[in-house]
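Asker: Below: one structure in structure tokens.
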Amino acid sequence: MNFLDTIRESDAETFTGVGEQEVIQAETELGMKFPETYRAILREFGSIEIDSDEIFGLGVEGYLNVVETTLKEREMAEGKLDHYIVLQNIGIEGILIVVDEQDRVYEYRLGEFRDILSSTADYVTSLLG
């Protein structure tokens, strides 16, 4: 079973996936190519909520929108997040979960990065418990 099936069969709340053109537009707005596992999540689900964990995506408005949130967080981070996508705001002590183009997932806090998992798929499925 692949990670998309694992998400589908879980209790996660999923939204409506988006088309390839929306993904490309978001990549253009953020100036970076999304990792393939994140692109698959966007195309299949748009965004995901797992209990109180919200994975930012597309096809949603406001803070759940990955473009809106990433641009706001980049502005506050004064360049440190320019090559990252914000997947999640933990909501505690300014901790963000971010991913780079190589699909490495990091915890970002107060200008420091801590490597936590090797892919977006690994991170999202780890939240499923």
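Chain labels run A, B, ... following the order of the structure tokens; each chain numbers its residues from 1, and ligands are numbered from 1 in the order shown.
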Tell me, as a PyMOL selection string, which residues lie within 9 Å of stretch 93-100 of chain A, counting only C-alpha atoms; anything in the same chain fewer than 5 positions away does not count.
Answerer: chain A and resi 32-35+81+83-88+105-110+119-120
Asker: With C-alpha atoms kept, could you save the residues just selected as a short mmCIF file (atom, residue, chain, number, x, y, z; two decimals), in the first residue's frame?
Answerer:
```cif
data_model
loop_
_atom_site.label_atom_id
_atom_site.label_comp_id
_atom_site.auth_asym_id
_atom_site.auth_seq_id
_atom_site.Cartn_x
_atom_site.Cartn_y
_atom_site.Cartn_z
CA MET A 32 10.45 26.51 -6.17
CA LYS A 33 9.46 23.08 -7.40
CA PHE A 34 7.46 21.01 -4.93
CA PRO A 35 8.72 17.53 -4.03
CA LEU A 81 12.70 30.11 4.59
CA HIS A 83 13.89 27.71 -0.23
CA TYR A 84 11.25 25.93 1.85
CA ILE A 85 7.52 25.29 1.78
CA VAL A 86 5.64 25.55 5.08
CA LEU A 87 3.69 22.31 5.57
CA GLN A 88 2.42 22.99 9.06
CA VAL A 105 11.35 17.66 6.19
CA TYR A 106 12.58 19.96 8.95
CA GLU A 107 11.33 21.51 12.14
CA TYR A 108 12.05 25.25 11.97
CA ARG A 109 12.14 27.33 15.14
CA LEU A 110 13.69 30.71 15.81
CA SER A 119 9.97 12.90 2.96
CA THR A 120 6.61 14.62 3.09
#
```
Asker: Please, which residues of stretch 4-128 of chain A, numbered as in this document, come out alpha helix (DSSP H) from DSSP, as a PyMOL selection string?
Answerer: chain A and resi 4-8+20-30+36-45+66-76+120-127
Asker: Need to verify the contact set: stretch 42-48 of chain A, 7 Å, only C-alpha atoms, exclusion of same-chain residues closer than 5 positions in sequence. Can you return it as a compact mmCIF listing (two decimals) with N, CA, C and O atoms, in the first residue's frame?
Answerer:
```txt
# COMPACT_ATOMS: atom_id res chain seq x y z
N ALA A 12 -8.12 10.61 8.59
CA ALA A 12 -7.77 11.97 8.20
C ALA A 12 -8.91 12.59 7.40
O ALA A 12 -9.57 11.92 6.60
N GLU A 13 -9.12 13.89 7.64
CA GLU A 13 -10.09 14.63 6.83
C GLU A 13 -9.34 15.18 5.63
O GLU A 13 -8.33 15.86 5.77
N THR A 14 -9.82 14.84 4.45
CA THR A 14 -9.18 15.32 3.23
C THR A 14 -10.14 16.24 2.49
O THR A 14 -11.34 16.22 2.72
N PHE A 15 -9.58 17.04 1.61
CA PHE A 15 -10.36 17.99 0.84
C PHE A 15 -10.36 17.55 -0.61
O PHE A 15 -10.05 16.40 -0.90
N THR A 16 -10.64 18.44 -1.51
CA THR A 16 -10.66 18.10 -2.93
C THR A 16 -9.30 18.39 -3.53
O THR A 16 -8.75 19.48 -3.35
N GLY A 17 -8.77 17.42 -4.24
CA GLY A 17 -7.49 17.61 -4.89
C GLY A 17 -7.55 18.70 -5.95
O GLY A 17 -8.63 19.12 -6.37
N VAL A 18 -6.39 19.15 -6.37
CA VAL A 18 -6.31 20.20 -7.38
C VAL A 18 -5.62 19.67 -8.63
O VAL A 18 -4.95 18.65 -8.60
N GLY A 19 -5.79 20.41 -9.72
CA GLY A 19 -5.17 20.02 -10.98
C GLY A 19 -3.70 20.41 -11.06
O GLY A 19 -3.20 21.22 -10.27
N GLU A 20 -3.04 19.84 -12.04
CA GLU A 20 -1.61 20.11 -12.25
C GLU A 20 -1.34 21.59 -12.46
O GLU A 20 -0.34 22.11 -11.98
N GLU A 54 -2.89 20.13 10.88
CA GLU A 54 -3.34 20.60 9.57
C GLU A 54 -2.14 20.69 8.63
O GLU A 54 -1.18 21.38 8.94
N ILE A 55 -2.21 19.98 7.51
CA ILE A 55 -1.17 20.05 6.49
C ILE A 55 -1.64 21.04 5.45
O ILE A 55 -2.68 20.86 4.82
N PHE A 56 -0.88 22.13 5.29
CA PHE A 56 -1.27 23.18 4.36
C PHE A 56 -1.24 22.65 2.93
O PHE A 56 -0.42 21.81 2.59
N GLY A 57 -2.13 23.20 2.11
CA GLY A 57 -2.21 22.72 0.73
C GLY A 57 -2.82 23.75 -0.20
O GLY A 57 -2.69 24.95 0.00
N LEU A 58 -3.49 23.24 -1.22
CA LEU A 58 -4.13 24.06 -2.23
C LEU A 58 -5.61 23.71 -2.31
O LEU A 58 -6.04 22.68 -1.80
N GLY A 59 -6.38 24.60 -2.95
CA GLY A 59 -7.81 24.39 -3.03
C GLY A 59 -8.52 24.80 -1.76
O GLY A 59 -9.69 24.48 -1.55
```
Asker: Measuring between only C-alpha atoms, which one of A:Ile92, A:Val124, A:Ala40, A:Val23 shows the shortest distance to A:Ser10?
Answerer: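 That would be A:Val124, the residue with the smallest distance to A:Ser10.
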Asker: Go through A:Asp122, A:Glu68, A:Asp82, A:Asp51 and flag the residue nearest A:Asp103, using only C-alpha atoms for the distances.
Answerer: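 Under the stated criterion, the closest residue is A:Asp122.
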Asker: Pick out the closest residue to A:Asn89 from this set: A:Asp53, A:Glu101, A:Asp115, A:Glu22. Count only C-alpha atoms.
Answerer: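 When distances to A:Asn89 are compared using only C-alpha atoms, the smallest one comes from A:Asp53.
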Asker: Distance atom CA of A:Met76-atom CA of A:Leu64, one decimal place?
Answerer: 17.5 Å
Asker: Could you give me the residues within stretch 67-112 of chain A that DSSP places in strand (DSSP E or B), as a list in words?
Answerer: Ile85, Val86, Leu87, Gln88, Asn89, Leu96, Ile97, Val98, Val99, Val105, Tyr106, Glu107, Tyr108, Arg109 and Glu112 of chain A
Asker: Can you write just those residues out, N, CA, C and O atoms, as a PDB file, in the first residue's frame?
Answerer:
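Dumped to part_39.pdb:
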```
ATOM      1  N   ILE A  85       8.973  25.195   1.777  1.00  0.00           N
ATOM      2  CA  ILE A  85       7.517  25.288   1.783  1.00  0.00           C
ATOM      3  C   ILE A  85       7.087  25.010   3.220  1.00  0.00           C
ATOM      4  O   ILE A  85       7.588  24.071   3.847  1.00  0.00           O
ATOM      5  N   VAL A  86       6.158  25.793   3.738  1.00  0.00           N
ATOM      6  CA  VAL A  86       5.641  25.550   5.084  1.00  0.00           C
ATOM      7  C   VAL A  86       4.499  24.540   4.983  1.00  0.00           C
ATOM      8  O   VAL A  86       3.464  24.808   4.382  1.00  0.00           O
ATOM      9  N   LEU A  87       4.711  23.362   5.569  1.00  0.00           N
ATOM     10  CA  LEU A  87       3.690  22.310   5.574  1.00  0.00           C
ATOM     11  C   LEU A  87       2.710  22.477   6.722  1.00  0.00           C
ATOM     12  O   LEU A  87       1.537  22.141   6.610  1.00  0.00           O
ATOM     13  N   GLN A  88       3.232  22.970   7.851  1.00  0.00           N
ATOM     14  CA  GLN A  88       2.417  22.995   9.056  1.00  0.00           C
ATOM     15  C   GLN A  88       2.974  24.012  10.041  1.00  0.00           C
ATOM     16  O   GLN A  88       4.183  24.190  10.147  1.00  0.00           O
ATOM     17  N   ASN A  89       2.074  24.670  10.748  1.00  0.00           N
ATOM     18  CA  ASN A  89       2.441  25.525  11.869  1.00  0.00           C
ATOM     19  C   ASN A  89       1.971  24.783  13.112  1.00  0.00           C
ATOM     20  O   ASN A  89       0.766  24.587  13.300  1.00  0.00           O
ATOM     21  N   LEU A  96       7.513  25.594  13.048  1.00  0.00           N
ATOM     22  CA  LEU A  96       6.958  25.274  11.733  1.00  0.00           C
ATOM     23  C   LEU A  96       7.548  23.960  11.250  1.00  0.00           C
ATOM     24  O   LEU A  96       8.692  23.635  11.565  1.00  0.00           O
ATOM     25  N   ILE A  97       6.769  23.235  10.462  1.00  0.00           N
ATOM     26  CA  ILE A  97       7.293  22.073   9.750  1.00  0.00           C
ATOM     27  C   ILE A  97       7.431  22.508   8.301  1.00  0.00           C
ATOM     28  O   ILE A  97       6.465  22.975   7.686  1.00  0.00           O
ATOM     29  N   VAL A  98       8.651  22.400   7.764  1.00  0.00           N
ATOM     30  CA  VAL A  98       8.938  22.869   6.416  1.00  0.00           C
ATOM     31  C   VAL A  98       9.582  21.747   5.600  1.00  0.00           C
ATOM     32  O   VAL A  98      10.133  20.792   6.161  1.00  0.00           O
ATOM     33  N   VAL A  99       9.499  21.893   4.278  1.00  0.00           N
ATOM     34  CA  VAL A  99      10.092  20.900   3.376  1.00  0.00           C
ATOM     35  C   VAL A  99      10.843  21.630   2.265  1.00  0.00           C
ATOM     36  O   VAL A  99      10.439  22.708   1.835  1.00  0.00           O
ATOM     37  N   VAL A 105      12.260  16.961   5.279  1.00  0.00           N
ATOM     38  CA  VAL A 105      11.351  17.657   6.187  1.00  0.00           C
ATOM     39  C   VAL A 105      12.118  18.098   7.430  1.00  0.00           C
ATOM     40  O   VAL A 105      12.882  17.328   8.012  1.00  0.00           O
ATOM     41  N   TYR A 106      11.887  19.357   7.819  1.00  0.00           N
ATOM     42  CA  TYR A 106      12.578  19.955   8.954  1.00  0.00           C
ATOM     43  C   TYR A 106      11.592  20.608   9.911  1.00  0.00           C
ATOM     44  O   TYR A 106      10.532  21.068   9.505  1.00  0.00           O
ATOM     45  N   GLU A 107      12.001  20.662  11.166  1.00  0.00           N
ATOM     46  CA  GLU A 107      11.326  21.514  12.137  1.00  0.00           C
ATOM     47  C   GLU A 107      12.112  22.822  12.136  1.00  0.00           C
ATOM     48  O   GLU A 107      13.337  22.816  12.258  1.00  0.00           O
ATOM     49  N   TYR A 108      11.421  23.926  11.974  1.00  0.00           N
ATOM     50  CA  TYR A 108      12.055  25.248  11.966  1.00  0.00           C
ATOM     51  C   TYR A 108      11.551  26.023  13.169  1.00  0.00           C
ATOM     52  O   TYR A 108      10.351  26.144  13.386  1.00  0.00           O
ATOM     53  N   ARG A 109      12.498  26.542  13.955  1.00  0.00           N
ATOM     54  CA  ARG A 109      12.138  27.328  15.137  1.00  0.00           C
ATOM     55  C   ARG A 109      13.213  28.363  15.399  1.00  0.00           C
ATOM     56  O   ARG A 109      14.390  28.017  15.510  1.00  0.00           O
ATOM     57  N   GLU A 112      16.409  28.299  13.346  1.00  0.00           N
ATOM     58  CA  GLU A 112      17.179  27.049  13.338  1.00  0.00           C
ATOM     59  C   GLU A 112      16.369  25.919  12.713  1.00  0.00           C
ATOM     60  O   GLU A 112      15.162  25.809  12.925  1.00  0.00           O
TER      61      GLU A 112
END
```
Asker: Of the candidates A:Gln21, A:Gly91, A:Ile7, A:Met1, which one gets nearest to A:Tyr123 if we count only C-alpha atoms?
Answerer: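 So, comparing all the options, the nearest one is A:Ile7.
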